file coords04.txt (compact mmCIF, C-alpha atoms and all ligand atoms)
# COMPACT_ATOMS: atom_id res chain seq x y z
CA MET P 1 20.78 41.87 17.80
CA LYS P 2 17.43 42.29 16.07
CA ILE P 3 16.08 39.33 14.08
CA PHE P 4 12.86 39.73 12.12
CA GLU P 5 10.80 36.96 10.57
CA LYS P 6 8.02 39.15 9.21
CA GLN P 7 8.38 41.81 6.56
CA SER P 8 5.72 43.94 8.28
CA ASP P 9 7.80 44.03 11.51
CA LEU P 10 11.04 44.76 9.66
CA SER P 11 9.44 47.52 7.57
CA SER P 12 7.93 49.27 10.59
CA PHE P 13 11.23 49.04 12.47
CA LEU P 14 13.14 50.50 9.51
CA LYS P 15 10.54 53.26 9.08
CA SER P 16 10.85 54.14 12.77
CA VAL P 17 14.65 54.57 12.55
CA SER P 18 14.90 56.07 9.05
CA LYS P 19 15.63 59.76 8.96
CA THR P 20 16.92 61.86 6.08
CA GLN P 21 20.54 61.39 7.16
CA THR P 22 20.20 57.62 7.54
CA SER P 23 21.53 55.17 5.00
CA ILE P 24 20.62 51.51 4.88
CA GLY P 25 23.05 48.92 3.54
CA PHE P 26 21.64 45.57 2.53
CA VAL P 27 23.32 42.17 2.15
CA PRO P 28 20.95 39.55 0.70
CA THR P 29 22.03 35.93 1.28
CA MET P 30 20.72 32.40 1.39
CA GLY P 31 22.57 31.75 4.66
CA ALA P 32 25.22 29.08 5.35
CA LEU P 33 27.44 32.09 5.85
CA HIS P 34 31.18 32.14 5.23
CA GLU P 35 33.94 34.75 5.39
CA GLY P 36 32.88 36.13 1.98
CA HIS P 37 29.42 37.02 3.31
CA LEU P 38 30.96 38.53 6.46
CA SER P 39 33.19 40.73 4.29
CA LEU P 40 30.05 42.10 2.60
CA LEU P 41 28.64 42.90 6.03
CA ARG P 42 31.85 44.68 7.05
CA GLU P 43 31.82 46.72 3.85
CA SER P 44 28.21 47.72 4.45
CA MET P 45 28.86 48.58 8.11
CA THR P 46 31.60 51.04 7.13
CA GLN P 47 29.40 52.75 4.52
CA ASN P 48 25.95 52.90 6.15
CA THR P 49 24.13 53.84 9.35
CA TYR P 50 22.21 50.54 9.40
CA THR P 51 23.01 47.17 7.84
CA VAL P 52 20.34 44.58 7.09
CA MET P 53 21.21 41.01 6.14
CA SER P 54 18.52 38.71 4.76
CA ILE P 55 18.81 34.94 5.11
CA PHE P 56 16.36 33.21 2.83
CA VAL P 57 16.75 30.08 0.72
CA ASN P 58 14.72 31.23 -2.25
CA PRO P 59 12.80 28.29 -3.81
CA THR P 60 12.06 30.02 -7.13
CA GLN P 61 15.72 30.22 -8.15
CA PHE P 62 16.32 26.45 -7.89
CA ASN P 63 15.63 24.51 -11.06
CA ASN P 64 16.81 21.31 -9.36
CA PRO P 65 14.55 20.17 -6.46
CA GLU P 66 17.34 18.05 -4.92
CA ASP P 67 19.66 21.08 -4.86
CA LEU P 68 16.95 23.08 -3.04
CA GLU P 69 16.33 20.27 -0.55
CA LYS P 70 20.05 19.78 0.19
CA TYR P 71 20.92 23.49 0.36
CA PRO P 72 22.42 24.03 3.85
CA ARG P 73 20.15 25.78 6.35
CA THR P 74 22.13 26.85 9.40
CA LEU P 75 20.36 29.84 10.93
CA ASP P 76 21.76 29.47 14.49
CA SER P 77 25.38 29.29 13.40
CA ASP P 78 24.74 32.07 10.85
CA VAL P 79 23.48 34.34 13.63
CA ALA P 80 26.55 33.49 15.76
CA LYS P 81 28.82 34.46 12.82
CA ILE P 82 26.95 37.73 12.23
CA LYS P 83 27.43 38.61 15.92
CA THR P 84 31.21 38.33 15.46
CA VAL P 85 30.96 41.21 12.98
CA SER P 86 28.55 43.34 15.00
CA GLN P 87 25.58 43.05 17.34
CA ASP P 88 24.01 45.98 15.47
CA ILE P 89 23.31 44.07 12.27
CA ILE P 90 19.61 43.64 11.56
CA VAL P 91 18.69 40.15 10.35
CA TYR P 92 15.65 39.34 8.25
CA ALA P 93 15.05 35.57 8.12
CA PRO P 94 11.58 35.14 6.66
CA THR P 95 9.50 32.08 5.78
CA VAL P 96 8.62 31.32 2.16
CA ASP P 97 5.10 32.55 2.86
CA ASP P 98 6.24 35.86 4.27
CA ILE P 99 8.07 36.57 1.00
CA TYR P 100 5.70 35.00 -1.51
CA GLN P 101 2.33 35.42 0.29
CA GLY P 102 1.05 32.08 -1.04
CA GLN P 103 2.22 32.74 -4.65
CA THR P 104 5.60 31.02 -4.87
CA GLN P 105 6.27 31.95 -8.49
CA SER P 106 8.80 33.90 -10.46
CA GLU P 107 8.13 37.04 -12.36
CA HIS P 108 9.57 36.97 -15.90
CA PHE P 109 12.33 39.49 -16.58
CA ASP P 110 14.15 40.76 -19.64
CA PHE P 111 17.75 41.43 -18.66
CA ASP P 112 18.78 42.32 -22.25
CA GLY P 113 20.13 38.82 -22.88
CA LEU P 114 22.42 38.64 -19.83
CA GLU P 115 20.17 35.89 -18.49
CA ALA P 116 20.60 33.72 -21.60
CA GLN P 117 24.30 32.99 -21.06
CA MET P 118 26.08 30.41 -18.87
CA GLU P 119 24.05 29.93 -15.65
CA GLY P 120 20.96 30.91 -17.63
CA GLN P 121 21.59 28.11 -20.14
CA PHE P 122 22.22 25.44 -17.55
CA ARG P 123 19.75 26.59 -14.89
CA PRO P 124 16.62 27.62 -16.81
CA GLY P 125 14.53 30.16 -14.90
CA HIS P 126 17.27 30.71 -12.30
CA TYR P 127 17.67 34.43 -12.87
CA ASP P 128 13.91 35.03 -13.03
CA GLY P 129 13.86 33.54 -9.50
CA VAL P 130 16.80 35.68 -8.39
CA GLY P 131 15.28 38.84 -9.91
CA THR P 132 11.92 38.10 -8.30
CA VAL P 133 13.27 37.67 -4.79
CA VAL P 134 15.80 40.51 -4.95
CA LYS P 135 13.13 42.91 -6.23
CA LYS P 136 10.81 41.87 -3.38
CA LEU P 137 13.62 42.22 -0.83
CA PHE P 138 14.50 45.69 -2.16
CA GLU P 139 10.84 46.70 -1.75
CA ILE P 140 10.82 45.48 1.85
CA VAL P 141 14.21 46.84 2.97
CA ASN P 142 14.35 49.90 0.72
CA PRO P 143 18.17 50.07 0.96
CA ASN P 144 20.45 52.85 -0.26
CA LYS P 145 23.20 50.37 -1.13
CA ALA P 146 23.18 46.60 -1.69
CA TYR P 147 26.21 44.32 -1.66
CA PHE P 148 26.78 41.24 -3.84
CA GLY P 149 29.82 38.97 -4.17
CA GLU P 150 31.60 38.76 -7.51
CA LYS P 151 31.67 34.96 -7.43
CA ASP P 152 28.33 35.01 -9.19
CA PHE P 153 29.46 37.78 -11.53
CA GLN P 154 26.58 37.08 -13.90
CA GLN P 155 24.12 37.61 -11.05
CA LEU P 156 25.84 40.89 -10.14
CA GLN P 157 25.51 42.18 -13.73
CA ILE P 158 21.87 41.05 -13.87
CA ILE P 159 20.97 42.82 -10.62
CA LYS P 160 22.64 46.01 -11.93
CA LYS P 161 20.59 45.66 -15.12
CA MET P 162 17.35 45.10 -13.18
CA VAL P 163 17.93 48.16 -11.02
CA GLU P 164 18.70 50.27 -14.10
CA LYS P 165 15.68 49.05 -16.10
CA LEU P 166 13.18 49.23 -13.23
CA LYS P 167 14.71 52.48 -11.91
CA ILE P 168 15.07 51.09 -8.38
CA PRO P 169 16.87 53.73 -6.30
CA VAL P 170 19.67 51.57 -4.89
CA GLU P 171 23.41 51.49 -5.56
CA ILE P 172 24.70 47.99 -6.33
CA ILE P 173 28.17 47.26 -5.01
CA GLY P 174 30.19 44.25 -6.19
CA CYS P 175 32.70 42.82 -3.70
CA PRO P 176 35.72 40.57 -4.38
CA ILE P 177 35.64 36.77 -4.10
CA PHE P 178 36.95 35.27 -0.85
CA ARG P 179 39.03 32.11 -1.26
CA GLU P 180 40.16 29.29 1.02
CA SER P 181 43.94 29.03 1.48
CA ASN P 182 44.04 26.42 -1.32
CA GLY P 183 42.28 28.84 -3.70
CA LEU P 184 38.80 27.29 -3.60
CA ALA P 185 36.22 30.09 -3.90
CA MET P 186 34.17 30.34 -0.70
CA SER P 187 30.62 29.16 -1.22
CA SER P 188 27.76 27.95 0.93
CA ARG P 189 27.79 24.78 -1.17
CA ASN P 190 31.34 23.99 0.04
CA GLN P 191 29.71 22.82 3.29
CA ARG P 192 28.50 19.79 1.34
CA LEU P 193 32.04 18.81 0.26
CA ASN P 194 34.01 16.30 2.32
CA ASP P 195 37.69 17.00 3.13
CA GLU P 196 38.95 15.04 0.13
CA GLN P 197 36.58 16.85 -2.23
CA LYS P 198 37.62 20.23 -0.78
CA LYS P 199 41.24 19.36 -1.64
CA GLN P 200 40.29 18.20 -5.14
CA ALA P 201 38.16 21.32 -5.76
CA ALA P 202 41.25 23.52 -5.42
CA VAL P 203 42.11 22.51 -9.00
CA ILE P 204 39.27 24.72 -10.31
CA TYR P 205 41.08 27.93 -9.37
CA LYS P 206 44.45 26.49 -10.48
CA ILE P 207 42.99 25.81 -13.92
CA LEU P 208 41.41 29.27 -14.05
CA LYS P 209 44.74 30.90 -13.21
CA THR P 210 46.53 28.93 -15.94
CA ALA P 211 43.71 29.80 -18.36
CA ARG P 212 44.29 33.47 -17.50
CA SER P 213 47.97 33.30 -18.41
CA LYS P 214 47.27 31.23 -21.56
CA PHE P 215 44.69 33.81 -22.73
CA LYS P 216 47.46 36.42 -23.04
CA ASN P 217 48.92 34.64 -26.08
CA ASN P 218 46.15 32.30 -27.23
CA SER P 219 42.62 32.56 -28.57
CA ALA P 220 39.58 32.01 -26.37
CA HIS P 221 38.88 28.85 -28.40
CA ALA P 222 42.35 27.42 -27.69
CA VAL P 223 42.04 28.19 -23.97
CA HIS P 224 38.60 26.58 -23.94
CA GLN P 225 40.00 23.40 -25.54
CA TRP P 226 42.80 23.29 -22.99
CA VAL P 227 40.36 23.63 -20.05
CA VAL P 228 38.07 20.92 -21.44
CA SER P 229 40.98 18.50 -21.88
CA SER P 230 42.30 19.31 -18.39
CA PHE P 231 38.98 18.32 -16.79
CA GLU P 232 38.77 15.18 -18.92
CA LYS P 233 41.83 13.98 -17.00
CA ILE P 234 40.05 14.41 -13.62
CA PRO P 235 37.47 11.63 -13.26
CA GLU P 236 36.08 12.97 -9.95
CA MET P 237 34.91 16.17 -11.63
CA LYS P 238 32.57 17.02 -14.47
CA LEU P 239 32.96 20.32 -16.28
CA GLU P 240 29.55 21.80 -17.04
CA TYR P 241 30.81 24.86 -18.86
CA PHE P 242 33.84 27.07 -19.30
CA GLN P 243 33.28 30.36 -21.08
CA ILE P 244 35.38 33.41 -21.76
CA ALA P 245 33.02 36.36 -22.11
CA ASP P 246 33.15 40.13 -22.05
CA GLU P 247 32.18 41.57 -18.68
CA SER P 248 29.48 43.96 -19.80
CA ARG P 249 27.33 41.84 -22.14
CA LEU P 250 28.57 38.38 -21.09
CA LEU P 251 28.75 37.29 -24.72
CA PRO P 252 31.31 34.59 -25.57
CA CYS P 253 34.62 35.89 -26.87
CA ILE P 254 34.97 34.79 -30.50
CA ARG P 255 37.72 37.20 -31.50
CA LYS P 256 39.60 39.26 -28.91
CA SER P 257 38.92 42.99 -28.92
CA LYS P 258 41.24 45.47 -27.16
CA ASN P 259 38.24 47.53 -25.99
CA LYS P 260 36.63 44.73 -24.03
CA LYS P 261 37.31 43.42 -20.56
CA TYR P 262 37.16 39.63 -20.56
CA ARG P 263 36.46 37.21 -17.76
CA ALA P 264 36.53 33.40 -17.52
CA PHE P 265 33.49 31.67 -16.04
CA ILE P 266 33.27 28.05 -14.97
CA ALA P 267 30.80 25.56 -13.47
CA VAL P 268 32.00 22.15 -12.29
CA PHE P 269 30.36 19.22 -10.55
CA ILE P 270 32.10 17.21 -7.84
CA ALA P 271 29.77 14.29 -7.17
CA GLN P 272 26.35 16.02 -7.17
CA ILE P 273 27.71 19.33 -5.85
CA ARG P 274 27.85 22.16 -8.33
CA LEU P 275 30.54 24.83 -7.91
CA ILE P 276 31.04 28.04 -9.89
CA ASP P 277 34.02 30.37 -10.07
CA THR P 278 35.30 33.26 -12.18
CA VAL P 279 38.49 35.25 -12.79
CA ALA P 280 39.10 38.52 -14.59
CA LEU P 281 41.40 38.09 -17.60
CA TYR P 282 42.90 41.59 -17.60
O1 LIG P 301 23.56 35.03 -4.21
C1 LIG P 301 22.68 34.60 -3.46
O2 LIG P 301 22.94 34.13 -2.36
C2 LIG P 301 21.24 34.62 -3.93
O3 LIG P 301 21.15 34.40 -5.30
C3 LIG P 301 20.49 35.90 -3.52
C4 LIG P 301 21.08 37.12 -4.20
C5 LIG P 301 20.52 36.08 -2.02
C6 LIG P 301 19.02 35.81 -3.96
O4 LIG P 301 18.38 34.73 -3.36
call {"tool": "encode", "arguments": {"input": "coords04.txt", "output": "structure tokens"}}
result
Amino acid sequence: MKIFEKQSDLSSFLKSVSKTQTSIGFVPTMGALHEGHLSLLRESMTQNTYTVMSIFVNPTQFNNPEDLEKYPRTLDSDVAKIKTVSQDIIVYAPTVDDIYQGQTQSEHFDFDGLEAQMEGQFRPGHYDGVGTVVKKLFEIVNPNKAYFGEKDFQQLQIIKKMVEKLKIPVEIIGCPIFRESNGLAMSSRNQRLNDEQKKQAAVIYKILKTARSKFKNNSAHAVHQWVVSSFEKIPEMKLEYFQIADESRLLPCIRKSKNKKYRAFIAVFIAQIRLIDTVALY
């Protein structure tokens, strides 16, 4: 398996293998891989000649220094997991300097307001950091297709918007959320939960599923009230936000419209660990 630390080495390797009939699939990650990430790799492997996975904990997308410090970094076990999918996957695991060349700063983006909602409200600058690193990674890898999980649905919409606005020639493919058997959405942050917290965290998806059925006959406001009061009864957890929004613009649903596809979004803290999840409401 090929593992590159330097963008110059990766770029020259990719140039040497790229021919007109070649397609490159790209799976950007921050490591601490789980089955959800591996499913993105499998999807890419079936659709492309080469698959590149990046593993890079991007400092510019963390607004909380403790979150950045505690983010799991598990390169050896990540590589072992990638090998279970295929030995042919190309890994790019750069240093901060290799990506940022001494300028560890975000570019400022206008994502037509998508960045102002939910994660954008509670994690100021987060999507500027995501946009900055993903744009740089696209320049290095030059993929035909790139794969993102739907767990961060807002991120997926923002990357699609960035590609459209900057005319980056890559197809963005959203892939379904992978869940533990108790319903907890797979996330690298789950590695920081103890067994008890993992059990407790299953309630997030349970509440989302009930919210989905309540939304059929109730307003978004009523469902929101019900979710807030449900979390008030769980002292181990703190609800940061619950929002029902339309999928394309991510604006909160005030009055239901038949022409819009709605989705519920949630962020919850268990101790200091922040978890997000989402379900489609159609
Ligand atoms: O979703 C993630 O893991 C990250 O936000 C990404 C897209 C790899 C950018 O750092």
call {"tool": "residues_around", "arguments": {"input": "coords04.txt", "residues": "Gln103 of chain P", "least_positions_apart": "6", "cutoff": "12 Å", "atoms": "all atoms listed in the file", "output": "list of chain:residue names"}}
result
P:Pro59, P:Thr60, P:Val96, P:Asp97, P:Thr132
call {"tool": "residues_around", "arguments": {"input": "coords04.txt", "residues": "Ile273 of chain P", "least_positions_apart": "6", "cutoff": "8 Å", "atoms": "all atoms listed in the file", "output": "JSON list (two decimals) with C-alpha atoms, in the coordinates of the input"}}
result
[["chain", "number", "residue", "atom", "x", "y", "z"],
["P", 189, "ARG", "CA", 27.79, 24.78, -1.17],
["P", 192, "ARG", "CA", 28.50, 19.79, 1.34],
["P", 193, "LEU", "CA", 32.04, 18.81, 0.26]]
call {"tool": "closest_atom_pairs", "arguments": {"input": "coords04.txt", "of": "chain P", "to": "ligand LIG 301 (chain P)", "cutoff": "8 Å", "atoms": "all atoms listed in the file", "output": "JSON lines"}}
result
{"residue": "P:Val27", "atom": "CA", "partner": "P:LIG301", "partner_atom": "C5", "distance": 7.9}
{"residue": "P:Pro28", "atom": "CA", "partner": "P:LIG301", "partner_atom": "C5", "distance": 4.4}
{"residue": "P:Thr29", "atom": "CA", "partner": "P:LIG301", "partner_atom": "C5", "distance": 3.6}
{"residue": "P:Met30", "atom": "CA", "partner": "P:LIG301", "partner_atom": "O2", "distance": 4.7}
{"residue": "P:Gly31", "atom": "CA", "partner": "P:LIG301", "partner_atom": "O2", "distance": 7.4}
{"residue": "P:Ser54", "atom": "CA", "partner": "P:LIG301", "partner_atom": "C5", "distance": 7.5}
{"residue": "P:Ile55", "atom": "CA", "partner": "P:LIG301", "partner_atom": "C5", "distance": 7.4}
{"residue": "P:Phe56", "atom": "CA", "partner": "P:LIG301", "partner_atom": "O4", "distance": 6.7}
{"residue": "P:Val57", "atom": "CA", "partner": "P:LIG301", "partner_atom": "O4", "distance": 6.4}
{"residue": "P:Asn58", "atom": "CA", "partner": "P:LIG301", "partner_atom": "O4", "distance": 5.2}
{"residue": "P:Gln61", "atom": "CA", "partner": "P:LIG301", "partner_atom": "O4", "distance": 7.1}
{"residue": "P:Gly129", "atom": "CA", "partner": "P:LIG301", "partner_atom": "O4", "distance": 7.7}
{"residue": "P:Val130", "atom": "CA", "partner": "P:LIG301", "partner_atom": "C6", "distance": 5.0}
{"residue": "P:Gly131", "atom": "CA", "partner": "P:LIG301", "partner_atom": "C6", "distance": 7.7}
{"residue": "P:Val133", "atom": "CA", "partner": "P:LIG301", "partner_atom": "O4", "distance": 6.1}
{"residue": "P:Val134", "atom": "CA", "partner": "P:LIG301", "partner_atom": "C6", "distance": 5.8}
{"residue": "P:Phe148", "atom": "CA", "partner": "P:LIG301", "partner_atom": "O1", "distance": 7.0}
{"residue": "P:Gly149", "atom": "CA", "partner": "P:LIG301", "partner_atom": "O1", "distance": 7.4}
{"residue": "P:Asp152", "atom": "CA", "partner": "P:LIG301", "partner_atom": "O1", "distance": 6.9}
{"residue": "P:Gln155", "atom": "CA", "partner": "P:LIG301", "partner_atom": "O3", "distance": 7.2}
call {"tool": "atom_distance", "arguments": {"input": "coords04.txt", "atom1": "atom CA of Ser188 of chain P", "atom2": "atom CA of Phe62 of chain P"}}
result
14.5 Å
call {"tool": "atom_distance", "arguments": {"input": "coords04.txt", "atom1": "atom CA of Phe138 of chain P", "atom2": "atom CA of Pro176 of chain P"}}
result
21.9 Å
call {"tool": "axis_aligned_box", "arguments": {"input": "coords04.txt", "around": "segment 74-77 of chain P", "padding_each_side": "6 Å", "output": "AutoDock Vina command-line options"}}
result
--center_x 22.9 --center_y 28.3 --center_z 11.9 --size_x 17.0 --size_y 15.0 --size_z 17.1
call {"tool": "atom_distance", "arguments": {"input": "coords04.txt", "atom1": "atom CA of Thr74 of chain P", "atom2": "atom CA of Ser12 of chain P"}}
result
26.6 Å
call {"tool": "decode", "arguments": {"input": "coords04.txt", "residues": "segment 229-251 of chain P", "atoms": "N, CA, C and O atoms", "output": "mmCIF file, in the first residue's frame"}}
result
data_model
loop_
_atom_site.group_PDB
_atom_site.id
_atom_site.type_symbol
_atom_site.label_atom_id
_atom_site.label_comp_id
_atom_site.auth_asym_id
_atom_site.auth_seq_id
_atom_site.Cartn_x
_atom_site.Cartn_y
_atom_site.Cartn_z
ATOM 1 N N SER P 229 -37.804 19.339 25.373
ATOM 2 C CA SER P 229 -38.262 18.819 26.673
ATOM 3 C C SER P 229 -37.770 17.392 26.894
ATOM 4 O O SER P 229 -37.476 17.004 28.021
ATOM 5 N N SER P 230 -37.604 16.621 25.826
ATOM 6 C CA SER P 230 -37.071 15.254 25.994
ATOM 7 C C SER P 230 -35.651 15.299 26.540
ATOM 8 O O SER P 230 -35.289 14.523 27.429
ATOM 9 N N PHE P 231 -34.818 16.204 26.001
ATOM 10 C CA PHE P 231 -33.418 16.269 26.476
ATOM 11 C C PHE P 231 -33.325 16.879 27.872
ATOM 12 O O PHE P 231 -32.389 16.560 28.606
ATOM 13 N N GLU P 232 -34.311 17.711 28.225
ATOM 14 C CA GLU P 232 -34.280 18.270 29.592
ATOM 15 C C GLU P 232 -34.414 17.169 30.643
ATOM 16 O O GLU P 232 -33.990 17.330 31.779
ATOM 17 N N LYS P 233 -34.996 16.038 30.226
ATOM 18 C CA LYS P 233 -35.173 14.928 31.175
ATOM 19 C C LYS P 233 -33.945 14.035 31.234
ATOM 20 O O LYS P 233 -33.939 13.020 31.921
ATOM 21 N N ILE P 234 -32.903 14.353 30.465
ATOM 22 C CA ILE P 234 -31.693 13.492 30.442
ATOM 23 C C ILE P 234 -30.505 14.310 30.962
ATOM 24 O O ILE P 234 -29.855 15.027 30.185
ATOM 25 N N PRO P 235 -30.214 14.224 32.246
ATOM 26 C CA PRO P 235 -29.195 15.113 32.825
ATOM 27 C C PRO P 235 -27.785 14.885 32.268
ATOM 28 O O PRO P 235 -26.968 15.804 32.281
ATOM 29 N N GLU P 236 -27.509 13.695 31.751
ATOM 30 C CA GLU P 236 -26.150 13.398 31.245
ATOM 31 C C GLU P 236 -25.882 14.082 29.900
ATOM 32 O O GLU P 236 -24.752 14.083 29.408
ATOM 33 N N MET P 237 -26.935 14.606 29.286
ATOM 34 C CA MET P 237 -26.755 15.176 27.942
ATOM 35 C C MET P 237 -27.212 16.622 27.878
ATOM 36 O O MET P 237 -28.156 17.001 28.563
ATOM 37 N N LYS P 238 -26.536 17.370 27.002
ATOM 38 C CA LYS P 238 -26.955 18.770 26.822
ATOM 39 C C LYS P 238 -27.228 18.982 25.326
ATOM 40 O O LYS P 238 -26.331 18.767 24.489
ATOM 41 N N LEU P 239 -28.464 19.365 25.040
ATOM 42 C CA LEU P 239 -28.823 19.629 23.640
ATOM 43 C C LEU P 239 -28.240 20.983 23.240
ATOM 44 O O LEU P 239 -28.496 21.983 23.909
ATOM 45 N N GLU P 240 -27.444 20.995 22.169
ATOM 46 C CA GLU P 240 -26.937 22.299 21.708
ATOM 47 C C GLU P 240 -27.935 22.926 20.724
ATOM 48 O O GLU P 240 -28.312 24.069 20.857
ATOM 49 N N TYR P 241 -28.346 22.140 19.740
ATOM 50 C CA TYR P 241 -29.431 22.622 18.883
ATOM 51 C C TYR P 241 -30.185 21.444 18.284
ATOM 52 O O TYR P 241 -29.652 20.332 18.156
ATOM 53 N N PHE P 242 -31.446 21.709 17.960
ATOM 54 C CA PHE P 242 -32.244 20.807 17.130
ATOM 55 C C PHE P 242 -32.904 21.710 16.114
ATOM 56 O O PHE P 242 -33.498 22.722 16.481
ATOM 57 N N GLN P 243 -32.767 21.394 14.850
ATOM 58 C CA GLN P 243 -33.375 22.255 13.828
ATOM 59 C C GLN P 243 -33.962 21.410 12.707
ATOM 60 O O GLN P 243 -33.316 20.472 12.230
ATOM 61 N N ILE P 244 -35.176 21.787 12.323
ATOM 62 C CA ILE P 244 -35.751 21.175 11.119
ATOM 63 C C ILE P 244 -35.562 22.203 10.010
ATOM 64 O O ILE P 244 -35.955 23.370 10.157
ATOM 65 N N ALA P 245 -34.897 21.781 8.942
ATOM 66 C CA ALA P 245 -34.563 22.727 7.873
ATOM 67 C C ALA P 245 -34.768 22.058 6.523
ATOM 68 O O ALA P 245 -34.765 20.827 6.420
ATOM 69 N N ASP P 246 -34.931 22.889 5.491
ATOM 70 C CA ASP P 246 -35.064 22.304 4.154
ATOM 71 C C ASP P 246 -33.668 21.929 3.650
ATOM 72 O O ASP P 246 -32.684 22.592 3.966
ATOM 73 N N GLU P 247 -33.618 20.836 2.903
ATOM 74 C CA GLU P 247 -32.315 20.265 2.537
ATOM 75 C C GLU P 247 -31.484 21.161 1.640
ATOM 76 O O GLU P 247 -30.260 21.120 1.678
ATOM 77 N N SER P 248 -32.136 21.960 0.785
ATOM 78 C CA SER P 248 -31.308 22.669 -0.193
ATOM 79 C C SER P 248 -30.712 23.949 0.377
ATOM 80 O O SER P 248 -29.539 24.219 0.187
ATOM 81 N N ARG P 249 -31.515 24.729 1.136
ATOM 82 C CA ARG P 249 -30.972 26.012 1.645
ATOM 83 C C ARG P 249 -30.628 25.959 3.122
ATOM 84 O O ARG P 249 -30.029 26.873 3.669
ATOM 85 N N LEU P 250 -31.062 24.906 3.785
ATOM 86 C CA LEU P 250 -30.802 24.683 5.222
ATOM 87 C C LEU P 250 -31.461 25.738 6.109
ATOM 88 O O LEU P 250 -31.045 25.934 7.252
ATOM 89 N N LEU P 251 -32.493 26.403 5.583
ATOM 90 C CA LEU P 251 -33.187 27.404 6.393
ATOM 91 C C LEU P 251 -34.201 26.714 7.298
ATOM 92 O O LEU P 251 -34.844 25.738 6.886
#
